[in-house]
file target16.txt (compact mmCIF, C-alpha atoms and all ligand atoms)
# COMPACT_ATOMS: atom_id res chain seq x y z
CA MET S 42 93.14 -145.03 -109.46
CA GLU S 43 92.66 -142.12 -107.06
CA ALA S 44 89.23 -140.70 -106.16
CA PRO S 45 89.43 -137.44 -108.22
CA SER S 46 90.55 -139.43 -111.29
CA HIS S 47 87.60 -141.78 -110.84
CA VAL S 48 85.11 -138.91 -110.62
CA VAL S 49 86.54 -137.16 -113.70
CA PHE S 50 86.80 -140.40 -115.71
CA GLY S 51 83.23 -141.28 -114.66
CA LEU S 52 81.82 -137.90 -115.69
CA ALA S 53 83.62 -138.03 -119.05
CA GLY S 54 82.25 -141.54 -119.65
CA ALA S 55 78.78 -140.39 -118.61
CA VAL S 56 78.83 -137.62 -121.25
CA VAL S 57 79.58 -140.30 -123.87
CA ALA S 58 76.87 -142.66 -122.56
CA ASP S 59 74.26 -139.89 -122.31
CA SER S 60 75.07 -138.70 -125.84
CA LEU S 61 74.69 -142.23 -127.22
CA PHE S 62 71.64 -143.40 -125.24
CA HIS S 63 69.88 -140.10 -124.31
CA ILE S 64 69.50 -141.20 -120.69
CA THR S 65 68.59 -137.69 -119.49
CA GLY S 66 66.58 -136.82 -122.58
CA ALA S 67 66.93 -133.35 -124.10
CA SER S 68 70.33 -131.74 -124.70
CA LEU S 69 71.23 -128.39 -123.14
CA LEU S 70 73.45 -127.34 -126.04
CA GLY S 71 71.02 -127.55 -128.95
CA GLY S 72 69.25 -124.30 -128.08
CA SER S 73 65.81 -125.92 -128.37
CA LEU S 74 65.17 -125.66 -124.63
CA THR S 75 65.90 -122.00 -124.00
CA SER S 76 62.41 -120.86 -125.08
CA ASP S 77 60.73 -122.70 -122.19
CA PRO S 78 62.30 -121.76 -118.82
CA ARG S 79 60.30 -124.36 -116.89
CA GLN S 80 61.43 -127.23 -119.10
CA PHE S 81 64.96 -125.84 -119.01
CA THR S 82 65.03 -125.95 -115.18
CA ASP S 83 63.66 -129.51 -115.17
CA VAL S 84 66.33 -130.70 -117.58
CA VAL S 85 69.13 -128.96 -115.64
CA LEU S 86 67.92 -130.57 -112.40
CA LEU S 87 67.70 -133.99 -114.00
CA LYS S 88 71.20 -133.66 -115.40
CA ALA S 89 72.54 -132.54 -112.01
CA VAL S 90 71.00 -135.65 -110.42
CA PHE S 91 72.37 -137.83 -113.23
CA TYR S 92 75.97 -136.59 -113.01
CA GLY S 93 75.84 -136.52 -109.20
CA ALA S 94 74.78 -140.17 -109.09
CA VAL S 95 77.48 -141.06 -111.65
CA ALA S 96 80.13 -139.43 -109.43
CA LEU S 97 78.86 -141.26 -106.35
CA GLY S 98 78.80 -144.56 -108.24
CA ALA S 99 82.33 -143.89 -109.48
CA LEU S 100 83.59 -143.57 -105.89
CA THR S 101 81.70 -146.52 -104.40
CA PRO S 102 83.80 -149.59 -105.42
CA ASP S 103 86.71 -148.28 -103.30
CA ILE S 104 84.56 -148.76 -100.21
CA ASP S 105 86.61 -151.98 -100.01
CA ASN S 106 89.68 -149.85 -99.22
CA ALA S 107 89.53 -148.17 -95.79
CA ARG S 108 92.17 -145.60 -96.83
CA SER S 109 90.28 -144.42 -99.92
CA THR S 110 88.20 -141.21 -99.97
CA ILE S 111 84.90 -143.06 -99.57
CA GLY S 112 86.47 -145.64 -97.25
CA GLN S 113 87.50 -142.92 -94.80
CA ARG S 114 83.92 -141.62 -94.76
CA ALA S 115 82.45 -145.09 -94.29
CA GLY S 116 84.73 -145.79 -91.33
CA PHE S 117 84.17 -149.18 -89.70
CA VAL S 118 81.90 -150.37 -92.56
CA SER S 119 84.81 -150.00 -94.93
CA LYS S 120 87.30 -151.59 -92.55
CA GLY S 121 84.93 -154.56 -92.17
CA ILE S 122 84.55 -154.96 -95.94
CA GLN S 123 88.30 -154.72 -96.48
CA LYS S 124 88.90 -157.38 -93.83
CA LEU S 125 86.20 -159.75 -95.10
CA ALA S 126 86.54 -159.34 -98.87
CA GLY S 127 89.81 -157.46 -99.49
CA HIS S 128 90.60 -154.53 -101.80
CA ARG S 129 89.83 -155.04 -105.50
CA THR S 130 87.88 -158.26 -105.00
CA LEU S 131 84.06 -158.55 -104.81
CA PHE S 132 83.41 -154.80 -105.11
CA HIS S 133 85.57 -154.57 -108.24
CA SER S 134 83.71 -157.33 -110.11
CA LEU S 135 80.55 -157.92 -112.15
CA LEU S 136 79.09 -159.77 -109.16
CA GLY S 137 79.70 -156.71 -106.98
CA LEU S 138 78.12 -154.50 -109.67
CA ALA S 139 74.99 -156.70 -109.64
CA MET S 140 74.84 -156.83 -105.85
CA VAL S 141 75.27 -153.07 -105.36
CA GLY S 142 72.84 -152.54 -108.26
CA ALA S 143 70.12 -154.49 -106.45
CA ILE S 144 70.65 -152.40 -103.30
CA VAL S 145 70.61 -149.10 -105.20
CA TRP S 146 67.51 -150.12 -107.17
CA ALA S 147 65.65 -150.91 -103.94
CA ALA S 148 66.80 -147.66 -102.29
CA GLN S 149 65.79 -145.64 -105.35
CA TYR S 150 62.37 -147.31 -105.47
CA ALA S 151 61.80 -146.60 -101.77
CA LEU S 152 62.72 -142.95 -102.33
CA GLY S 153 60.43 -142.85 -105.37
CA LEU S 154 57.53 -144.15 -103.26
CA VAL S 155 58.12 -141.38 -100.72
CA PHE S 156 57.93 -138.76 -103.50
CA TYR S 157 54.85 -140.47 -104.90
CA ARG S 158 53.04 -140.36 -101.55
CA LEU S 159 53.98 -136.70 -101.19
CA GLY S 160 52.40 -136.00 -104.57
CA TYR S 161 55.55 -135.43 -106.66
CA VAL S 162 54.54 -137.90 -109.35
CA PRO S 163 57.01 -136.78 -112.08
CA VAL S 164 59.90 -137.10 -109.62
CA ALA S 165 58.63 -140.52 -108.52
CA GLU S 166 58.54 -141.65 -112.16
CA LYS S 167 62.15 -140.57 -112.65
CA LEU S 168 63.01 -142.72 -109.64
CA GLY S 169 61.55 -145.83 -111.18
CA VAL S 170 57.99 -145.77 -109.83
CA GLY S 171 55.77 -146.63 -112.79
CA VAL S 172 52.46 -144.83 -112.53
CA ALA S 173 49.85 -146.36 -114.86
CA PRO S 174 46.27 -145.11 -114.62
CA GLY S 175 44.44 -147.20 -112.04
CA VAL S 176 47.47 -149.34 -111.29
CA VAL S 177 50.21 -147.77 -109.30
CA LEU S 178 53.71 -148.91 -108.53
CA ALA S 179 55.07 -150.96 -111.31
CA SER S 180 58.83 -150.70 -111.21
CA GLY S 181 60.79 -148.88 -113.86
CA VAL S 182 64.52 -148.50 -114.11
CA GLY S 183 65.05 -144.88 -113.10
CA VAL S 184 67.75 -142.36 -113.86
CA VAL S 185 69.52 -142.56 -110.49
CA PHE S 186 69.88 -146.32 -110.83
CA ILE S 187 71.29 -146.13 -114.36
CA ALA S 188 73.64 -143.27 -113.42
CA PHE S 189 74.96 -144.93 -110.27
CA LEU S 190 75.62 -148.25 -112.00
CA LEU S 191 77.21 -146.44 -114.94
CA GLY S 192 79.59 -144.66 -112.54
CA TYR S 193 80.32 -147.93 -110.75
CA PHE S 194 81.04 -149.71 -114.03
CA LEU S 195 83.32 -146.87 -115.19
CA HIS S 196 85.28 -147.16 -111.92
CA ILE S 197 86.04 -150.84 -112.58
CA LEU S 198 86.83 -150.00 -116.20
CA ALA S 199 89.24 -147.23 -115.11
CA ASP S 200 90.98 -149.53 -112.62
CA SER S 201 91.41 -152.01 -115.48
CA LEU S 202 93.77 -149.51 -117.10
CA THR S 203 96.13 -149.73 -114.11
CA TYR S 204 99.00 -152.16 -113.52
CA GLY S 205 97.08 -154.18 -110.90
CA GLY S 206 94.08 -154.90 -113.13
CA VAL S 207 90.66 -156.01 -111.86
CA PRO S 208 89.09 -159.43 -111.10
CA TRP S 209 86.00 -158.81 -113.27
CA LEU S 210 84.88 -162.44 -112.80
CA TRP S 211 85.46 -162.65 -109.01
CA PRO S 212 85.25 -165.12 -107.12
CA ASN S 213 87.63 -166.17 -109.89
CA HIS S 214 90.82 -164.33 -108.91
CA THR S 215 92.21 -163.82 -112.40
CA ARG S 216 92.78 -160.11 -112.96
CA PHE S 217 92.03 -158.48 -116.28
CA GLY S 218 93.25 -155.20 -117.66
CA PHE S 219 93.77 -153.15 -120.78
CA PRO S 220 96.19 -153.28 -122.51
CA PRO S 221 96.38 -157.05 -121.77
CA ASN S 222 100.15 -156.75 -121.16
CA ARG S 223 100.30 -155.17 -117.69
CA ASN S 224 103.67 -153.56 -118.37
CA TRP S 225 101.90 -151.20 -120.77
CA ARG S 226 99.52 -150.01 -118.04
CA PHE S 227 100.25 -147.26 -115.50
CA HIS S 228 100.48 -147.66 -111.74
CA SER S 229 97.48 -146.51 -109.70
CA GLY S 230 98.14 -143.06 -108.23
CA SER S 231 101.33 -142.57 -110.26
CA ARG S 232 102.34 -139.37 -112.06
CA VAL S 233 101.08 -140.84 -115.33
CA GLU S 234 97.51 -141.16 -114.03
CA PRO S 235 96.45 -137.48 -114.35
CA PHE S 236 97.81 -137.41 -117.91
CA VAL S 237 95.77 -140.47 -118.92
CA VAL S 238 92.59 -139.05 -117.35
CA GLY S 239 93.34 -135.55 -118.69
CA GLY S 240 93.85 -136.98 -122.19
CA ILE S 241 90.46 -138.71 -122.07
CA VAL S 242 88.80 -135.47 -120.88
CA LEU S 243 90.42 -133.52 -123.73
CA VAL S 244 89.07 -136.00 -126.28
CA VAL S 245 85.55 -135.77 -124.80
CA VAL S 246 85.67 -131.94 -124.67
CA ALA S 247 86.90 -131.83 -128.28
CA LEU S 248 84.05 -134.13 -129.36
CA ILE S 249 81.56 -131.82 -127.58
CA VAL S 250 83.05 -128.77 -129.28
CA PHE S 251 82.79 -130.47 -132.69
CA GLY S 252 79.19 -131.50 -132.00
CA LYS S 253 79.85 -135.24 -131.91
CA LEU S 254 78.89 -135.48 -128.21
CA THR S 255 76.52 -133.34 -126.16
CA ILE S 256 75.55 -132.61 -122.59
ZN ZN S 301 89.07 -149.07 -107.33
call {"tool": "encode", "arguments": {"input": "target16.txt", "output": "structure tokens"}}
result
Amino acid sequence: MEAPSHVVFGLAGAVVADSLFHITGASLLGGSLTSDPRQFTDVVLLKAVFYGAVALGALTPDIDNARSTIGQRAGFVSKGIQKLAGHRTLFHSLLGLAMVGAIVWAAQYALGLVFYRLGYVPVAEKLGVGVAPGVVLASGVGVVFIAFLLGYFLHILADSLTYGGVPWLWPNHTRFGFPPNRNWRFHSGSRVEPFVVGGIVLVVVALIVFGKLTI
């Protein structure tokens, strides 16, 4: 799937996940927040960070393809990965998800510590730095971590809808996809792709309008 499709698919999936699991807390649509401008700003900022990290996560697996949007930015790093691992291998698997997850968790925690030292404790807490009285620096999960991994997971899921499928269980090379019969799937980057992604967006928007999902 192409980069814009991945971002849109990821954001649509993130709306569903946030509605189900309340990852970012309060909803902007309920009207309960408008009375307190300070809280409103905090929630908007948190949601911006959440959806931004989802979008970034949704682009990251294609770092194994030097010609992709993120691959072109990453330059030689991406070329190296493509040469060593190959496109749609490690980075499009559960193992890759776990590996990248560990890196992102560590990066988020380091960033959280910086904010903590600078005195921005609420921000540090959102980044996974647990601040108990007397004891500092337990490690929580953090919104950026959840959002990034969610985006990453939704990328692999979206690629599973394409003809090529995805080796979820790499280093086992068997590729999985949905529908299981690959002839029912569309080709990555084909003219069908925007219609599939657009259809999913329409469903999500309709569910928001009818109050079944929220942002
Ligand atoms: Zn991909």
call {"tool": "atom_distance", "arguments": {"input": "target16.txt", "atom1": "atom CA of S:Leu159", "atom2": "atom CA of S:Ala94"}}
result
22.5 Å
call {"tool": "residues_around", "arguments": {"input": "target16.txt", "residues": "S:Ile64", "least_positions_apart": "4", "cutoff": "9 Å", "atoms": "only C-alpha atoms", "output": "PDB file with C-alpha atoms, in the frame of the given file"}}
result
ATOM      1  CA  ALA S  58      76.870-142.660-122.560  1.00  0.00           C
ATOM      2  CA  ASP S  59      74.260-139.890-122.310  1.00  0.00           C
ATOM      3  CA  SER S  60      75.070-138.700-125.840  1.00  0.00           C
ATOM      4  CA  PHE S  91      72.370-137.830-113.230  1.00  0.00           C
ATOM      5  CA  VAL S 184      67.750-142.360-113.860  1.00  0.00           C
ATOM      6  CA  ILE S 187      71.290-146.130-114.360  1.00  0.00           C
ATOM      7  CA  ALA S 188      73.640-143.270-113.420  1.00  0.00           C
TER       8      ALA S 188
END
call {"tool": "atom_distance", "arguments": {"input": "target16.txt", "atom1": "atom CA of S:Glu234", "atom2": "atom CA of S:Leu195"}}
result
15.3 Å
call {"tool": "closest_atom_pairs", "arguments": {"input": "target16.txt", "of": "chain S", "to": "ligand ZN 301 (chain S)", "cutoff": "12 Å", "atoms": "only C-alpha atoms and all ligand atoms", "output": "Markdown table"}}
result
| residue | atom | partner | partner_atom | distance |
| --- | --- | --- | --- | --- |
| S:Met42 | CA | S:ZN301 | ZN | 6.1 |
| S:Glu43 | CA | S:ZN301 | ZN | 7.8 |
| S:Ala44 | CA | S:ZN301 | ZN | 8.5 |
| S:Pro45 | CA | S:ZN301 | ZN | 11.7 |
| S:Ser46 | CA | S:ZN301 | ZN | 10.5 |
| S:His47 | CA | S:ZN301 | ZN | 8.2 |
| S:Val48 | CA | S:ZN301 | ZN | 11.4 |
| S:Gly98 | CA | S:ZN301 | ZN | 11.3 |
| S:Ala99 | CA | S:ZN301 | ZN | 8.8 |
| S:Leu100 | CA | S:ZN301 | ZN | 7.9 |
| S:Thr101 | CA | S:ZN301 | ZN | 8.3 |
| S:Pro102 | CA | S:ZN301 | ZN | 5.6 |
| S:Asp103 | CA | S:ZN301 | ZN | 4.7 |
| S:Ile104 | CA | S:ZN301 | ZN | 8.4 |
| S:Asp105 | CA | S:ZN301 | ZN | 8.3 |
| S:Asn106 | CA | S:ZN301 | ZN | 8.2 |
| S:Ala107 | CA | S:ZN301 | ZN | 11.6 |
| S:Arg108 | CA | S:ZN301 | ZN | 11.5 |
| S:Ser109 | CA | S:ZN301 | ZN | 8.8 |
| S:Thr110 | CA | S:ZN301 | ZN | 10.8 |
| S:Ile111 | CA | S:ZN301 | ZN | 10.7 |
| S:Gly112 | CA | S:ZN301 | ZN | 11.0 |
| S:Gly127 | CA | S:ZN301 | ZN | 11.5 |
| S:His128 | CA | S:ZN301 | ZN | 7.9 |
| S:Arg129 | CA | S:ZN301 | ZN | 6.3 |
| S:Thr130 | CA | S:ZN301 | ZN | 9.6 |
| S:Leu131 | CA | S:ZN301 | ZN | 11.0 |
| S:Phe132 | CA | S:ZN301 | ZN | 8.4 |
| S:His133 | CA | S:ZN301 | ZN | 6.6 |
| S:Ser134 | CA | S:ZN301 | ZN | 10.2 |
| S:Gly192 | CA | S:ZN301 | ZN | 11.7 |
| S:Tyr193 | CA | S:ZN301 | ZN | 9.5 |
| S:Phe194 | CA | S:ZN301 | ZN | 10.5 |
| S:Leu195 | CA | S:ZN301 | ZN | 10.0 |
| S:His196 | CA | S:ZN301 | ZN | 6.3 |
| S:Ile197 | CA | S:ZN301 | ZN | 6.3 |
| S:Leu198 | CA | S:ZN301 | ZN | 9.2 |
| S:Ala199 | CA | S:ZN301 | ZN | 8.0 |
| S:Asp200 | CA | S:ZN301 | ZN | 5.6 |
| S:Ser201 | CA | S:ZN301 | ZN | 9.0 |
| S:Leu202 | CA | S:ZN301 | ZN | 10.9 |
| S:Thr203 | CA | S:ZN301 | ZN | 9.8 |
| S:Gly205 | CA | S:ZN301 | ZN | 10.1 |
| S:Gly206 | CA | S:ZN301 | ZN | 9.6 |
| S:Val207 | CA | S:ZN301 | ZN | 8.4 |
| S:Pro208 | CA | S:ZN301 | ZN | 11.0 |
| S:Trp209 | CA | S:ZN301 | ZN | 11.8 |
| S:Ser229 | CA | S:ZN301 | ZN | 9.1 |
| S:Gly230 | CA | S:ZN301 | ZN | 10.9 |
call {"tool": "closest_residue", "arguments": {"input": "target16.txt", "among": "S:Ala126, S:Phe117, S:Val84, S:Val56", "to": "S:Trp211", "atoms": "all atoms listed in the file"}}
result
S:Ala126
call {"tool": "atom_distance", "arguments": {"input": "target16.txt", "atom1": "atom CA of S:Val182", "atom2": "atom CA of S:Val170"}}
result
8.3 Å
call {"tool": "axis_aligned_box", "arguments": {"input": "target16.txt", "around": "stretch 83-98 of chain S", "padding_each_side": "3 Å", "output": "JSON"}}
result
{"center_x": 71.9, "center_y": -136.8, "center_z": -112.0, "size_x": 22.5, "size_y": 21.6, "size_z": 17.2}
call {"tool": "closest_residue", "arguments": {"input": "target16.txt", "among": "S:Val250, S:Val118, S:Val57, S:Ile256", "to": "S:Ala89", "atoms": "all atoms listed in the file"}}
result
S:Ile256
call {"tool": "residues_around", "arguments": {"input": "target16.txt", "residues": "S:Gly183", "least_positions_apart": "3", "cutoff": "8 Å", "atoms": "all atoms listed in the file", "output": "list in words"}}
result
Gln149, Glu166, Lys167, Leu168, Gly169, Val170, Phe186 and Ile187 of chain S
call {"tool": "write_last_selection", "arguments": {"input": "target16.txt", "atoms": "C-alpha atoms", "output": "JSON list (two decimals), in the coordinates of the input"}}
result
[["chain", "number", "residue", "atom", "x", "y", "z"],
["S", 149, "GLN", "CA", 65.79, -145.64, -105.35],
["S", 166, "GLU", "CA", 58.54, -141.65, -112.16],
["S", 167, "LYS", "CA", 62.15, -140.57, -112.65],
["S", 168, "LEU", "CA", 63.01, -142.72, -109.64],
["S", 169, "GLY", "CA", 61.55, -145.83, -111.18],
["S", 170, "VAL", "CA", 57.99, -145.77, -109.83],
["S", 186, "PHE", "CA", 69.88, -146.32, -110.83],
["S", 187, "ILE", "CA", 71.29, -146.13, -114.36]]
call {"tool": "closest_residue", "arguments": {"input": "target16.txt", "among": "S:Pro163, S:Thr65, S:Ile144, S:Gly51", "to": "S:Leu87", "atoms": "all atoms listed in the file"}}
result
S:Thr65
call {"tool": "closest_residue", "arguments": {"input": "target16.txt", "among": "S:Gly54, S:Gly66, S:Gly121, S:Gly239", "to": "S:Tyr92", "atoms": "only C-alpha atoms"}}
result
S:Gly54
call {"tool": "closest_residue", "arguments": {"input": "target16.txt", "among": "S:Phe217, S:Phe189, S:Tyr150, S:Phe62", "to": "S:Val90", "atoms": "all atoms listed in the file"}}
result
S:Phe189
call {"tool": "decode", "arguments": {"input": "target16.txt", "residues": "stretch 160-174 of chain S", "atoms": "N, CA and C atoms", "output": "PDB file, in the first residue's frame"}}
result
ATOM      1  N   GLY S 160      11.075  19.670  34.675  1.00  0.00           N
ATOM      2  CA  GLY S 160       9.967  20.054  35.538  1.00  0.00           C
ATOM      3  C   GLY S 160       8.579  19.890  34.942  1.00  0.00           C
ATOM      4  N   TYR S 161       8.493  19.337  33.731  1.00  0.00           N
ATOM      5  CA  TYR S 161       7.178  19.107  33.104  1.00  0.00           C
ATOM      6  C   TYR S 161       6.669  17.714  33.479  1.00  0.00           C
ATOM      7  N   VAL S 162       6.272  17.567  34.734  1.00  0.00           N
ATOM      8  CA  VAL S 162       5.916  16.238  35.234  1.00  0.00           C
ATOM      9  C   VAL S 162       4.718  15.621  34.500  1.00  0.00           C
ATOM     10  N   PRO S 163       3.625  16.388  34.261  1.00  0.00           N
ATOM     11  CA  PRO S 163       2.490  15.762  33.544  1.00  0.00           C
ATOM     12  C   PRO S 163       2.881  15.237  32.160  1.00  0.00           C
ATOM     13  N   VAL S 164       3.735  15.999  31.462  1.00  0.00           N
ATOM     14  CA  VAL S 164       4.183  15.541  30.139  1.00  0.00           C
ATOM     15  C   VAL S 164       5.017  14.266  30.294  1.00  0.00           C
ATOM     16  N   ALA S 165       5.901  14.267  31.294  1.00  0.00           N
ATOM     17  CA  ALA S 165       6.749  13.093  31.542  1.00  0.00           C
ATOM     18  C   ALA S 165       5.896  11.857  31.801  1.00  0.00           C
ATOM     19  N   GLU S 166       4.805  12.053  32.568  1.00  0.00           N
ATOM     20  CA  GLU S 166       3.924  10.911  32.879  1.00  0.00           C
ATOM     21  C   GLU S 166       3.274  10.357  31.620  1.00  0.00           C
ATOM     22  N   LYS S 167       2.891  11.281  30.712  1.00  0.00           N
ATOM     23  CA  LYS S 167       2.276  10.831  29.455  1.00  0.00           C
ATOM     24  C   LYS S 167       3.288  10.057  28.608  1.00  0.00           C
ATOM     25  N   LEU S 168       4.567  10.302  28.850  1.00  0.00           N
ATOM     26  CA  LEU S 168       5.609   9.619  28.087  1.00  0.00           C
ATOM     27  C   LEU S 168       6.128   8.384  28.816  1.00  0.00           C
ATOM     28  N   GLY S 169       5.386   7.933  29.801  1.00  0.00           N
ATOM     29  CA  GLY S 169       5.725   6.652  30.404  1.00  0.00           C
ATOM     30  C   GLY S 169       6.617   6.727  31.623  1.00  0.00           C
ATOM     31  N   VAL S 170       6.913   7.938  32.122  1.00  0.00           N
ATOM     32  CA  VAL S 170       7.701   8.036  33.344  1.00  0.00           C
ATOM     33  C   VAL S 170       6.730   8.040  34.522  1.00  0.00           C
ATOM     34  N   GLY S 171       6.756   6.958  35.301  1.00  0.00           N
ATOM     35  CA  GLY S 171       5.861   6.859  36.444  1.00  0.00           C
ATOM     36  C   GLY S 171       6.431   7.681  37.587  1.00  0.00           C
ATOM     37  N   VAL S 172       5.626   8.570  38.148  1.00  0.00           N
ATOM     38  CA  VAL S 172       6.137   9.420  39.217  1.00  0.00           C
ATOM     39  C   VAL S 172       5.347   9.144  40.486  1.00  0.00           C
ATOM     40  N   ALA S 173       5.837   8.203  41.317  1.00  0.00           N
ATOM     41  CA  ALA S 173       5.199   7.927  42.595  1.00  0.00           C
ATOM     42  C   ALA S 173       5.874   8.812  43.638  1.00  0.00           C
ATOM     43  N   PRO S 174       5.120   9.171  44.694  1.00  0.00           N
ATOM     44  CA  PRO S 174       5.734  10.035  45.705  1.00  0.00           C
ATOM     45  C   PRO S 174       6.947   9.333  46.320  1.00  0.00           C
TER      46      PRO S 174
END
